[in-house]
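The next block is query.cif, given as mmCIF, C-alpha atoms and all ligand atoms.
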data_structure
#
loop_
_atom_site.label_atom_id
_atom_site.label_comp_id
_atom_site.auth_asym_id
_atom_site.auth_seq_id
_atom_site.Cartn_x
_atom_site.Cartn_y
_atom_site.Cartn_z
CA MET D 10 105.77 -24.89 -24.01
CA GLN D 11 102.59 -23.70 -22.32
CA ASP D 12 100.24 -26.43 -21.04
CA ASP D 13 97.01 -24.46 -21.12
CA LEU D 14 95.55 -21.71 -23.36
CA THR D 15 95.93 -18.75 -21.01
CA GLY D 16 96.48 -15.52 -22.96
CA ARG D 17 95.33 -17.04 -26.25
CA VAL D 18 92.45 -15.73 -28.36
CA ALA D 19 90.24 -18.35 -30.02
CA LEU D 20 87.58 -17.87 -32.70
CA ILE D 21 85.06 -20.70 -33.04
CA THR D 22 82.47 -20.79 -35.83
CA GLY D 23 79.08 -22.48 -35.57
CA ALA D 24 79.36 -22.20 -31.80
CA ALA D 25 75.72 -21.35 -31.03
CA ARG D 26 75.02 -24.98 -30.16
CA GLY D 27 76.23 -28.58 -30.48
CA ILE D 28 79.88 -29.41 -31.07
CA GLY D 29 80.87 -25.76 -31.62
CA ARG D 30 79.43 -24.72 -28.26
CA ALA D 31 81.27 -27.58 -26.53
CA ILE D 32 84.51 -26.50 -28.23
CA ALA D 33 84.07 -22.86 -27.14
CA LEU D 34 83.47 -23.96 -23.54
CA ALA D 35 86.47 -26.33 -23.53
CA LEU D 36 88.83 -23.66 -24.91
CA ALA D 37 87.52 -21.09 -22.40
CA ARG D 38 87.94 -23.60 -19.56
CA ASP D 39 91.55 -24.07 -20.66
CA GLY D 40 92.15 -20.32 -20.39
CA ALA D 41 91.46 -18.87 -23.86
CA ASP D 42 89.40 -15.76 -24.54
CA VAL D 43 86.74 -16.84 -27.02
CA ALA D 44 84.96 -15.22 -29.95
CA VAL D 45 81.78 -17.24 -30.54
CA ALA D 46 80.59 -16.79 -34.12
CA ASP D 47 77.39 -18.09 -35.71
CA THR D 48 74.55 -17.05 -37.99
CA ASP D 49 72.41 -17.62 -34.88
CA LEU D 50 73.41 -14.68 -32.69
CA GLY D 51 70.94 -15.61 -29.93
CA GLY D 52 72.48 -19.08 -29.63
CA ALA D 53 75.98 -17.60 -29.67
CA GLN D 54 74.97 -15.30 -26.82
CA GLU D 55 73.69 -18.32 -24.88
CA THR D 56 77.06 -20.01 -25.36
CA VAL D 57 78.81 -16.88 -24.08
CA GLY D 58 76.54 -16.97 -21.02
CA LEU D 59 77.88 -20.45 -20.21
CA VAL D 60 81.54 -19.34 -20.23
CA SER D 61 82.73 -19.10 -16.65
CA ARG D 62 86.21 -17.64 -17.06
CA GLY D 63 88.02 -15.23 -19.36
CA ARG D 64 86.50 -12.99 -22.00
CA ALA D 65 83.80 -14.23 -24.37
CA LEU D 66 82.04 -12.36 -27.14
CA ALA D 67 79.14 -13.47 -29.37
CA LEU D 68 79.33 -12.38 -33.00
CA ALA D 69 76.90 -12.82 -35.90
CA ALA D 70 78.68 -14.17 -38.98
CA ASP D 71 77.95 -16.23 -42.06
CA VAL D 72 81.10 -18.14 -43.02
CA SER D 73 79.88 -18.66 -46.58
CA SER D 74 79.95 -14.90 -47.23
CA GLU D 75 83.32 -13.30 -47.98
CA GLU D 76 82.01 -9.94 -46.77
CA SER D 77 80.76 -11.40 -43.50
CA VAL D 78 84.06 -13.24 -42.91
CA THR D 79 86.08 -10.05 -43.51
CA SER D 80 83.87 -8.09 -41.17
CA LEU D 81 84.10 -10.87 -38.51
CA TYR D 82 87.90 -10.69 -38.55
CA SER D 83 87.85 -6.88 -38.29
CA THR D 84 85.71 -7.14 -35.17
CA VAL D 85 87.77 -9.95 -33.59
CA LEU D 86 91.04 -8.11 -34.18
CA ALA D 87 89.62 -4.82 -32.88
CA GLU D 88 88.12 -6.46 -29.78
CA PHE D 89 90.84 -8.99 -28.89
CA GLY D 90 93.95 -7.51 -30.53
CA GLY D 91 94.91 -10.70 -32.37
CA LEU D 92 94.00 -14.31 -33.09
CA ASP D 93 95.85 -17.43 -31.92
CA ILE D 94 93.34 -20.24 -32.51
CA LEU D 95 90.72 -20.67 -35.23
CA VAL D 96 88.22 -23.54 -35.07
CA ASN D 97 86.16 -23.99 -38.24
CA ASN D 98 83.17 -25.90 -36.96
CA ALA D 99 80.23 -24.26 -38.80
CA GLY D 100 78.62 -26.76 -41.12
CA ILE D 101 75.33 -27.81 -42.64
CA PHE D 102 74.19 -31.39 -43.21
CA LYS D 103 72.05 -32.81 -46.01
CA VAL D 104 71.16 -36.40 -46.80
CA THR D 105 69.32 -35.95 -50.11
CA ASP D 106 69.39 -38.88 -52.58
CA PRO D 107 72.18 -38.13 -55.09
CA LEU D 108 69.77 -38.18 -58.03
CA GLN D 109 67.66 -35.50 -56.35
CA VAL D 110 70.50 -33.11 -55.45
CA THR D 111 70.02 -29.89 -57.40
CA ALA D 112 72.89 -27.64 -58.45
CA ALA D 113 71.62 -25.06 -55.97
CA GLU D 114 71.63 -27.56 -53.08
CA TRP D 115 75.12 -28.78 -54.05
CA ASP D 116 76.36 -25.20 -54.05
CA SER D 117 74.73 -24.34 -50.73
CA VAL D 118 76.43 -27.23 -48.92
CA MET D 119 79.79 -26.48 -50.53
CA ALA D 120 79.39 -22.77 -49.78
CA VAL D 121 79.21 -23.29 -46.03
CA ASN D 122 81.28 -26.43 -45.43
CA ALA D 123 84.08 -26.07 -47.99
CA ARG D 124 84.22 -22.43 -49.12
CA GLY D 125 83.37 -21.14 -45.64
CA THR D 126 86.18 -23.17 -44.09
CA PHE D 127 88.60 -21.93 -46.74
CA LEU D 128 87.62 -18.26 -46.39
CA MET D 129 88.00 -18.44 -42.61
CA CYS D 130 91.41 -20.15 -42.96
CA ARG D 131 92.60 -17.62 -45.53
CA GLU D 132 91.78 -14.66 -43.30
CA ALA D 133 93.31 -16.37 -40.26
CA LEU D 134 96.55 -17.07 -42.13
CA ARG D 135 96.70 -13.47 -43.32
CA GLN D 136 96.79 -12.51 -39.63
CA MET D 137 98.88 -15.37 -38.28
CA MET D 138 101.63 -15.72 -40.88
CA PRO D 139 103.23 -12.29 -40.38
CA VAL D 140 103.30 -12.98 -36.63
CA GLY D 141 104.63 -16.52 -37.12
CA ARG D 142 102.26 -18.04 -34.57
CA GLY D 143 98.82 -19.65 -34.49
CA THR D 144 96.88 -22.80 -35.09
CA ILE D 145 93.76 -23.85 -37.00
CA ILE D 146 91.50 -26.83 -36.38
CA ASN D 147 88.87 -27.75 -38.98
CA VAL D 148 85.89 -29.95 -38.19
CA ALA D 149 85.58 -32.56 -40.93
CA SER D 150 83.57 -35.81 -40.62
CA THR D 151 83.90 -39.56 -41.07
CA ALA D 152 81.77 -38.92 -44.17
CA GLY D 153 84.68 -37.02 -45.70
CA LYS D 154 86.78 -40.17 -45.49
CA SER D 155 84.21 -42.90 -46.16
CA GLY D 156 81.91 -41.17 -48.64
CA GLY D 157 79.15 -41.13 -46.05
CA SER D 158 78.40 -44.82 -45.74
CA VAL D 159 76.31 -44.60 -42.53
CA MET D 160 74.42 -41.36 -43.22
CA ALA D 161 75.28 -38.38 -45.41
CA GLY D 162 74.52 -36.88 -48.78
CA VAL D 163 77.05 -36.99 -51.60
CA HIS D 164 77.50 -33.21 -51.34
CA TYR D 165 78.01 -33.30 -47.57
CA ALA D 166 80.59 -36.10 -47.88
CA ALA D 167 82.38 -34.31 -50.74
CA SER D 168 82.42 -31.04 -48.80
CA LYS D 169 84.05 -32.73 -45.81
CA ALA D 170 86.61 -34.42 -48.08
CA ALA D 171 87.41 -30.89 -49.28
CA VAL D 172 87.89 -29.83 -45.66
CA ILE D 173 90.35 -32.69 -45.12
CA CYS D 174 92.27 -31.83 -48.29
CA LEU D 175 92.46 -28.08 -47.65
CA THR D 176 93.64 -28.85 -44.11
CA LYS D 177 96.63 -30.74 -45.52
CA SER D 178 97.32 -28.15 -48.24
CA LEU D 179 97.31 -25.27 -45.78
CA ALA D 180 99.31 -27.24 -43.19
CA THR D 181 102.11 -27.59 -45.76
CA TYR D 182 101.78 -23.95 -46.81
CA ALA D 183 101.81 -22.47 -43.30
CA ALA D 184 104.33 -24.77 -41.62
CA PRO D 185 107.35 -22.58 -42.46
CA SER D 186 105.57 -19.81 -40.49
CA HIS D 187 105.25 -22.18 -37.48
CA ILE D 188 101.49 -22.43 -37.90
CA ARG D 189 99.80 -25.79 -37.45
CA VAL D 190 96.63 -26.76 -39.33
CA ASN D 191 94.78 -29.92 -38.30
CA ALA D 192 91.32 -31.45 -38.50
CA VAL D 193 89.09 -33.66 -36.41
CA ALA D 194 86.78 -36.14 -38.12
CA PRO D 195 83.87 -36.84 -35.78
CA GLY D 196 81.60 -39.82 -36.20
CA PRO D 197 77.92 -39.52 -35.30
CA THR D 198 77.64 -37.21 -32.30
CA THR D 199 74.61 -36.30 -30.19
CA THR D 200 73.57 -32.81 -31.30
CA GLU D 201 70.54 -31.13 -32.83
CA MET D 202 71.96 -32.11 -36.24
CA THR D 203 71.67 -35.83 -35.47
CA ALA D 204 68.50 -35.44 -33.34
CA ALA D 205 66.81 -34.46 -36.61
CA TRP D 206 67.48 -37.95 -37.98
CA GLY D 207 64.98 -39.50 -35.53
CA ALA D 208 65.33 -42.10 -32.75
CA GLU D 209 65.01 -45.17 -34.97
CA THR D 210 67.73 -44.09 -37.40
CA ASN D 211 70.01 -43.04 -34.57
CA ALA D 212 69.60 -46.43 -32.84
CA ARG D 213 70.39 -48.24 -36.10
CA ILE D 214 73.51 -46.16 -36.75
CA ALA D 215 74.69 -46.47 -33.12
CA GLY D 216 74.51 -50.24 -33.61
CA GLN D 217 77.12 -49.97 -36.38
CA ILE D 218 79.60 -48.14 -34.14
CA PRO D 219 82.02 -50.50 -32.36
CA LEU D 220 81.67 -48.57 -29.07
CA GLY D 221 77.89 -48.90 -29.49
CA ARG D 222 76.90 -45.27 -29.04
CA TYR D 223 77.12 -41.75 -30.44
CA GLY D 224 79.85 -39.38 -29.33
CA ASP D 225 79.21 -36.59 -26.87
CA PRO D 226 80.09 -33.10 -28.19
CA ARG D 227 82.50 -32.74 -25.26
CA GLU D 228 84.45 -35.74 -26.52
CA ILE D 229 85.06 -33.94 -29.82
CA ALA D 230 85.86 -30.71 -27.97
CA GLU D 231 88.56 -32.36 -25.83
CA VAL D 232 90.47 -33.40 -28.95
CA VAL D 233 90.15 -29.91 -30.40
CA ALA D 234 91.41 -28.41 -27.11
CA PHE D 235 94.44 -30.70 -27.25
CA LEU D 236 95.18 -29.84 -30.90
CA ALA D 237 94.83 -26.12 -30.07
CA SER D 238 97.43 -26.36 -27.31
CA ASP D 239 101.21 -26.44 -27.39
CA ARG D 240 100.94 -30.06 -26.20
CA ALA D 241 100.19 -30.84 -29.86
CA GLY D 242 103.11 -28.68 -31.01
CA PHE D 243 104.57 -31.28 -33.38
CA ILE D 244 101.25 -32.27 -34.99
CA THR D 245 100.21 -30.66 -38.26
CA GLY D 246 98.30 -31.79 -41.35
CA GLU D 247 96.68 -34.53 -39.24
CA VAL D 248 93.04 -35.64 -39.30
CA VAL D 249 92.12 -37.10 -35.92
CA ASP D 250 89.28 -39.63 -35.93
CA VAL D 251 86.86 -39.29 -33.01
CA ASN D 252 84.30 -41.89 -34.01
CA GLY D 253 83.97 -44.76 -31.55
CA GLY D 254 85.79 -47.05 -33.98
CA LEU D 255 83.42 -46.51 -36.91
CA ILE D 256 86.39 -46.01 -39.24
CA MET D 257 89.79 -47.32 -38.29
CA ASP D 258 92.61 -46.25 -40.60
N1 LIG S 301 76.79 -34.16 -35.16
C1 LIG S 301 77.44 -35.06 -35.88
O1 LIG S 301 77.13 -36.27 -35.84
C2 LIG S 301 78.63 -34.66 -36.71
C3 LIG S 301 79.43 -35.69 -37.23
C4 LIG S 301 80.53 -35.32 -38.02
C5 LIG S 301 80.80 -33.99 -38.27
N2 LIG S 301 79.98 -33.04 -37.76
C6 LIG S 301 80.33 -31.65 -38.05
O2 LIG S 301 80.51 -30.95 -36.84
C7 LIG S 301 80.12 -29.59 -37.01
C8 LIG S 301 79.10 -29.23 -35.95
O3 LIG S 301 78.04 -30.15 -36.02
P1 LIG S 301 76.79 -30.10 -35.03
O4 LIG S 301 76.22 -31.47 -35.00
O5 LIG S 301 77.15 -29.41 -33.77
O6 LIG S 301 75.81 -29.19 -35.92
P2 LIG S 301 74.59 -28.25 -35.52
O7 LIG S 301 73.70 -28.19 -36.71
O8 LIG S 301 73.99 -28.67 -34.22
O9 LIG S 301 75.33 -26.83 -35.31
C9 LIG S 301 75.93 -26.20 -36.40
C10 LIG S 301 76.05 -24.72 -36.08
O10 LIG S 301 76.63 -24.09 -37.23
C11 LIG S 301 75.91 -22.88 -37.48
N3 LIG S 301 76.03 -22.52 -38.89
C12 LIG S 301 75.45 -23.12 -39.96
N4 LIG S 301 75.75 -22.48 -41.08
C13 LIG S 301 76.54 -21.43 -40.73
C14 LIG S 301 77.17 -20.39 -41.45
N5 LIG S 301 77.01 -20.27 -42.78
N6 LIG S 301 77.93 -19.50 -40.78
C15 LIG S 301 78.07 -19.59 -39.43
N7 LIG S 301 77.48 -20.54 -38.69
C16 LIG S 301 76.73 -21.45 -39.33
C17 LIG S 301 74.47 -23.21 -37.09
O11 LIG S 301 73.72 -22.03 -36.85
C18 LIG S 301 74.69 -24.06 -35.83
O12 LIG S 301 74.76 -23.25 -34.67
C19 LIG S 301 79.59 -29.47 -38.45
O13 LIG S 301 80.62 -29.00 -39.29
C20 LIG S 301 79.23 -30.90 -38.78
O14 LIG S 301 79.27 -31.14 -40.18
C21 LIG S 301 78.91 -33.35 -36.98
#
What is this file in structure tokens?
Amino acid sequence: MQDDLTGRVALITGAARGIGRAIALALARDGADVAVADTDLGGAQETVGLVSRGRALALAADVSSEESVTSLYSTVLAEFGGLDILVNNAGIFKVTDPLQVTAAEWDSVMAVNARGTFLMCREALRQMMPVGRGTIINVASTAGKSGGSVMAGVHYAASKAAVICLTKSLATYAAPSHIRVNAVAPGPTTTEMTAAWGAETNARIAGQIPLGRYGDPREIAEVVAFLASDRAGFITGEVVDVNGGLIMD
């Protein structure tokens, strides 16, 4: 068992800012070489600039596009020679009233959060299963367990429930190849996503959290770093709550 991530290659999606950036920095700190993927290439490059050890590469990719996902994997494999850790963090958030959600808006949320996570997992498993090594961590949400009681649209909550379910399905599927697939389910966390909700809403929601505050992206990243490591070697198909006590189950 190796304690840190030295010699491992990690691919993190949605890592131009927020939780994804914190995850990329935590995995790099622990010794991994990191591929930082996002639709926002400038932000991904900024994340790479913050990495202080190992190799880091910024890549433009849209996880909702099969073509973009395939091309992302070609580049990662050519540049790094393999993939050990995939973190599916890219996601979009909507809080539209259910009666106002159009078919197009439903599809757009599902395309990134659910289909994007699946496409990225499928390509990772195509690489990892023949080698018999690797791990995947998907970023879900408390909304995917609760239905979005504090703040979330029906489509966002449903997309994160899909992430939780596909995590368990793929964990079962890949376990015979010694590949672990887990998820984290963050509660409200201080990022640009939640900043958009406004100070008043954020104060109200923080008041509903037993620990009385939002999470810091680094607190989500530490759990991902643990799940990515051999220290979590007997954990698969698990959804780890990181939510200040908002949901206890
Ligand atoms: N912030 C929270 O309170 C919170 C709570 C629970 C779950 N989450 C989940 O954590 C993840 C990160 O959240 P965040 O708050 O850091 O969000 P954020 O909006 O700050 O960052 C999301 C990143 O994903 C990228 N992205 C969006 N669509 C993409 C696509 N199609 N392909 C590639 N990249 C794409 C964006 O460019 C952005 O850099 C999301 O999946 C979100 O649903 C966040």
Pick out the closest residue to D:Thr245 from this set: D:Ile32, D:Leu179, D:Val163, D:Ala208. Count only C-alpha atoms.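 Of all the options, D:Leu179 lies closest to D:Thr245.
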One decimal, Å: what's the distance from atom CA of D:Leu128 over to atom CA of D:Ser74, could you say?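 A separation of 8.4 Å between them.
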Just how far from atom CA of D:Gly16 is atom CA of D:Asp225, in Å to one decimal?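 Going from atom CA of D:Asp225 over to atom CA of D:Gly16 covers 27.5 Å.
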Please build the interface table for chain D against ligand LIG 301 (chain S) with a cut-off of 6 Å, listing for each qualifying residue the nearest atom pair and the distance in Å to one decimal; count only C-alpha atoms and all ligand atoms, order rows by chain and increasing number, and write it as a Markdown table.
| residue | atom | partner | partner_atom | distance |
| --- | --- | --- | --- | --- |
| D:Thr22 | CA | S:LIG301 | N7 | 5.8 |
| D:Gly23 | CA | S:LIG301 | O10 | 3.4 |
| D:Ala24 | CA | S:LIG301 | O12 | 5.5 |
| D:Ala25 | CA | S:LIG301 | O12 | 4.2 |
| D:Arg26 | CA | S:LIG301 | O12 | 4.8 |
| D:Gly27 | CA | S:LIG301 | O5 | 3.5 |
| D:Ile28 | CA | S:LIG301 | O5 | 3.8 |
| D:Gly29 | CA | S:LIG301 | O5 | 5.6 |
| D:Asp47 | CA | S:LIG301 | N7 | 3.9 |
| D:Thr48 | CA | S:LIG301 | C15 | 4.6 |
| D:Asp49 | CA | S:LIG301 | O11 | 5.0 |
| D:Ala70 | CA | S:LIG301 | C15 | 5.5 |
| D:Asp71 | CA | S:LIG301 | N6 | 3.5 |
| D:Val72 | CA | S:LIG301 | N6 | 4.1 |
| D:Ser73 | CA | S:LIG301 | N5 | 5.0 |
| D:Asn98 | CA | S:LIG301 | O13 | 4.6 |
| D:Ala99 | CA | S:LIG301 | O10 | 3.9 |
| D:Gly100 | CA | S:LIG301 | O13 | 3.5 |
| D:Ile101 | CA | S:LIG301 | C12 | 5.4 |
| D:Phe102 | CA | S:LIG301 | O14 | 5.9 |
| D:Val121 | CA | S:LIG301 | N5 | 5.0 |
| D:Val148 | CA | S:LIG301 | O13 | 5.5 |
| D:Ala149 | CA | S:LIG301 | C5 | 5.7 |
| D:Ser150 | CA | S:LIG301 | C4 | 4.0 |
| D:Pro195 | CA | S:LIG301 | C4 | 4.3 |
| D:Gly196 | CA | S:LIG301 | C3 | 4.8 |
| D:Pro197 | CA | S:LIG301 | O1 | 3.4 |
| D:Thr198 | CA | S:LIG301 | O1 | 3.7 |
| D:Thr199 | CA | S:LIG301 | N1 | 5.8 |
| D:Thr200 | CA | S:LIG301 | O4 | 4.7 |
| D:Glu201 | CA | S:LIG301 | O8 | 4.5 |
| D:Met202 | CA | S:LIG301 | O7 | 4.3 |
| D:Thr203 | CA | S:LIG301 | N1 | 5.4 |
For the interface of stretch 69-141 of chain D with stretch 226-241 of chain D (cut-off 12 Å, counting all atoms listed in the file), please tabulate each contacting residue of stretch 69-141 of chain D alongside its nearest pair of atoms and their separation in Å to one decimal, rows sorted by chain and increasing number, as JSON lines.
{"residue": "D:Asp93", "atom": "CA", "partner": "D:Ala237", "partner_atom": "CA", "distance": 8.9}
{"residue": "D:Ile94", "atom": "CA", "partner": "D:Ala237", "partner_atom": "CA", "distance": 6.5}
{"residue": "D:Leu95", "atom": "CA", "partner": "D:Ala237", "partner_atom": "CA", "distance": 8.6}
{"residue": "D:Val96", "atom": "CA", "partner": "D:Val233", "partner_atom": "CA", "distance": 8.1}
{"residue": "D:Asn97", "atom": "CA", "partner": "D:Val233", "partner_atom": "CA", "distance": 10.6}
{"residue": "D:Asn98", "atom": "CA", "partner": "D:Val233", "partner_atom": "CA", "distance": 10.4}
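Take the candidates D:Ala112, D:Ala205, D:Ala161, D:Phe127 and check each one against D:Ile173 using all atoms listed in the file; the shortest distance goes to D:Phe127.
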Given all atoms listed in the file as the counted atoms, nearest of D:Thr151, D:Leu134, D:Asn191, D:Val85 to D:Gly253: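 Closest candidate: D:Thr151.
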Rounded to one decimal in Å, what is the spacing between atom CA of D:Ala184 and atom CA of D:Ala152?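 Between atom CA of D:Ala184 and atom CA of D:Ala152 the gap is 26.8 Å.
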Please determine an axis-aligned box that encloses all atoms of stretch 85-89 of chain D listed in the file, with 5 Å added on each side, and express its centre and edge lengths in Å to one decimal as JSON.
{"center_x": 89.4, "center_y": -7.4, "center_z": -31.5, "size_x": 13.3, "size_y": 15.1, "size_z": 15.3}
Would you please work out which residue, of D:Val60, D:Leu108, D:Met138, D:Val190, is nearest to D:Gly242 when using only C-alpha atoms? D:Val190
N, CA, C and O atoms are needed for stretch 116-130 of chain D; please write them out as a PDB file, keeping the file's coordinate frame.
ATOM      1  N   ASP D 116      75.608 -26.436 -54.305  1.00  0.00           N
ATOM      2  CA  ASP D 116      76.360 -25.200 -54.050  1.00  0.00           C
ATOM      3  C   ASP D 116      76.178 -24.700 -52.619  1.00  0.00           C
ATOM      4  O   ASP D 116      77.114 -24.188 -52.014  1.00  0.00           O
ATOM      5  N   SER D 117      74.967 -24.865 -52.079  1.00  0.00           N
ATOM      6  CA  SER D 117      74.730 -24.340 -50.730  1.00  0.00           C
ATOM      7  C   SER D 117      75.529 -25.109 -49.688  1.00  0.00           C
ATOM      8  O   SER D 117      76.066 -24.521 -48.747  1.00  0.00           O
ATOM      9  N   VAL D 118      75.642 -26.420 -49.873  1.00  0.00           N
ATOM     10  CA  VAL D 118      76.430 -27.230 -48.920  1.00  0.00           C
ATOM     11  C   VAL D 118      77.910 -26.902 -49.050  1.00  0.00           C
ATOM     12  O   VAL D 118      78.617 -26.690 -48.061  1.00  0.00           O
ATOM     13  N   MET D 119      78.367 -26.821 -50.297  1.00  0.00           N
ATOM     14  CA  MET D 119      79.790 -26.480 -50.530  1.00  0.00           C
ATOM     15  C   MET D 119      80.103 -25.069 -50.016  1.00  0.00           C
ATOM     16  O   MET D 119      81.190 -24.819 -49.506  1.00  0.00           O
ATOM     17  N   ALA D 120      79.138 -24.167 -50.165  1.00  0.00           N
ATOM     18  CA  ALA D 120      79.390 -22.770 -49.780  1.00  0.00           C
ATOM     19  C   ALA D 120      79.694 -22.642 -48.295  1.00  0.00           C
ATOM     20  O   ALA D 120      80.576 -21.885 -47.896  1.00  0.00           O
ATOM     21  N   VAL D 121      78.972 -23.377 -47.483  1.00  0.00           N
ATOM     22  CA  VAL D 121      79.210 -23.290 -46.030  1.00  0.00           C
ATOM     23  C   VAL D 121      80.391 -24.183 -45.640  1.00  0.00           C
ATOM     24  O   VAL D 121      81.366 -23.725 -45.014  1.00  0.00           O
ATOM     25  N   ASN D 122      80.315 -25.465 -45.987  1.00  0.00           N
ATOM     26  CA  ASN D 122      81.280 -26.430 -45.430  1.00  0.00           C
ATOM     27  C   ASN D 122      82.682 -26.293 -46.044  1.00  0.00           C
ATOM     28  O   ASN D 122      83.677 -26.365 -45.316  1.00  0.00           O
ATOM     29  N   ALA D 123      82.754 -26.114 -47.336  1.00  0.00           N
ATOM     30  CA  ALA D 123      84.080 -26.070 -47.990  1.00  0.00           C
ATOM     31  C   ALA D 123      84.563 -24.635 -48.170  1.00  0.00           C
ATOM     32  O   ALA D 123      85.604 -24.249 -47.642  1.00  0.00           O
ATOM     33  N   ARG D 124      83.769 -23.812 -48.890  1.00  0.00           N
ATOM     34  CA  ARG D 124      84.220 -22.430 -49.120  1.00  0.00           C
ATOM     35  C   ARG D 124      84.325 -21.657 -47.812  1.00  0.00           C
ATOM     36  O   ARG D 124      85.279 -20.906 -47.594  1.00  0.00           O
ATOM     37  N   GLY D 125      83.342 -21.848 -46.922  1.00  0.00           N
ATOM     38  CA  GLY D 125      83.370 -21.140 -45.640  1.00  0.00           C
ATOM     39  C   GLY D 125      84.623 -21.485 -44.846  1.00  0.00           C
ATOM     40  O   GLY D 125      85.275 -20.599 -44.277  1.00  0.00           O
ATOM     41  N   THR D 126      84.968 -22.761 -44.809  1.00  0.00           N
ATOM     42  CA  THR D 126      86.180 -23.170 -44.090  1.00  0.00           C
ATOM     43  C   THR D 126      87.405 -22.542 -44.730  1.00  0.00           C
ATOM     44  O   THR D 126      88.290 -22.027 -44.034  1.00  0.00           O
ATOM     45  N   PHE D 127      87.442 -22.538 -46.056  1.00  0.00           N
ATOM     46  CA  PHE D 127      88.600 -21.930 -46.740  1.00  0.00           C
ATOM     47  C   PHE D 127      88.700 -20.430 -46.457  1.00  0.00           C
ATOM     48  O   PHE D 127      89.773 -19.909 -46.129  1.00  0.00           O
ATOM     49  N   LEU D 128      87.580 -19.721 -46.598  1.00  0.00           N
ATOM     50  CA  LEU D 128      87.620 -18.260 -46.390  1.00  0.00           C
ATOM     51  C   LEU D 128      88.079 -17.914 -44.977  1.00  0.00           C
ATOM     52  O   LEU D 128      88.889 -17.000 -44.775  1.00  0.00           O
ATOM     53  N   MET D 129      87.590 -18.686 -44.006  1.00  0.00           N
ATOM     54  CA  MET D 129      88.000 -18.440 -42.610  1.00  0.00           C
ATOM     55  C   MET D 129      89.488 -18.741 -42.430  1.00  0.00           C
ATOM     56  O   MET D 129      90.187 -17.997 -41.735  1.00  0.00           O
ATOM     57  N   CYS D 130      89.971 -19.809 -43.057  1.00  0.00           N
ATOM     58  CA  CYS D 130      91.410 -20.150 -42.960  1.00  0.00           C
ATOM     59  C   CYS D 130      92.251 -19.071 -43.630  1.00  0.00           C
ATOM     60  O   CYS D 130      93.290 -18.659 -43.102  1.00  0.00           O
TER      61      CYS D 130
END
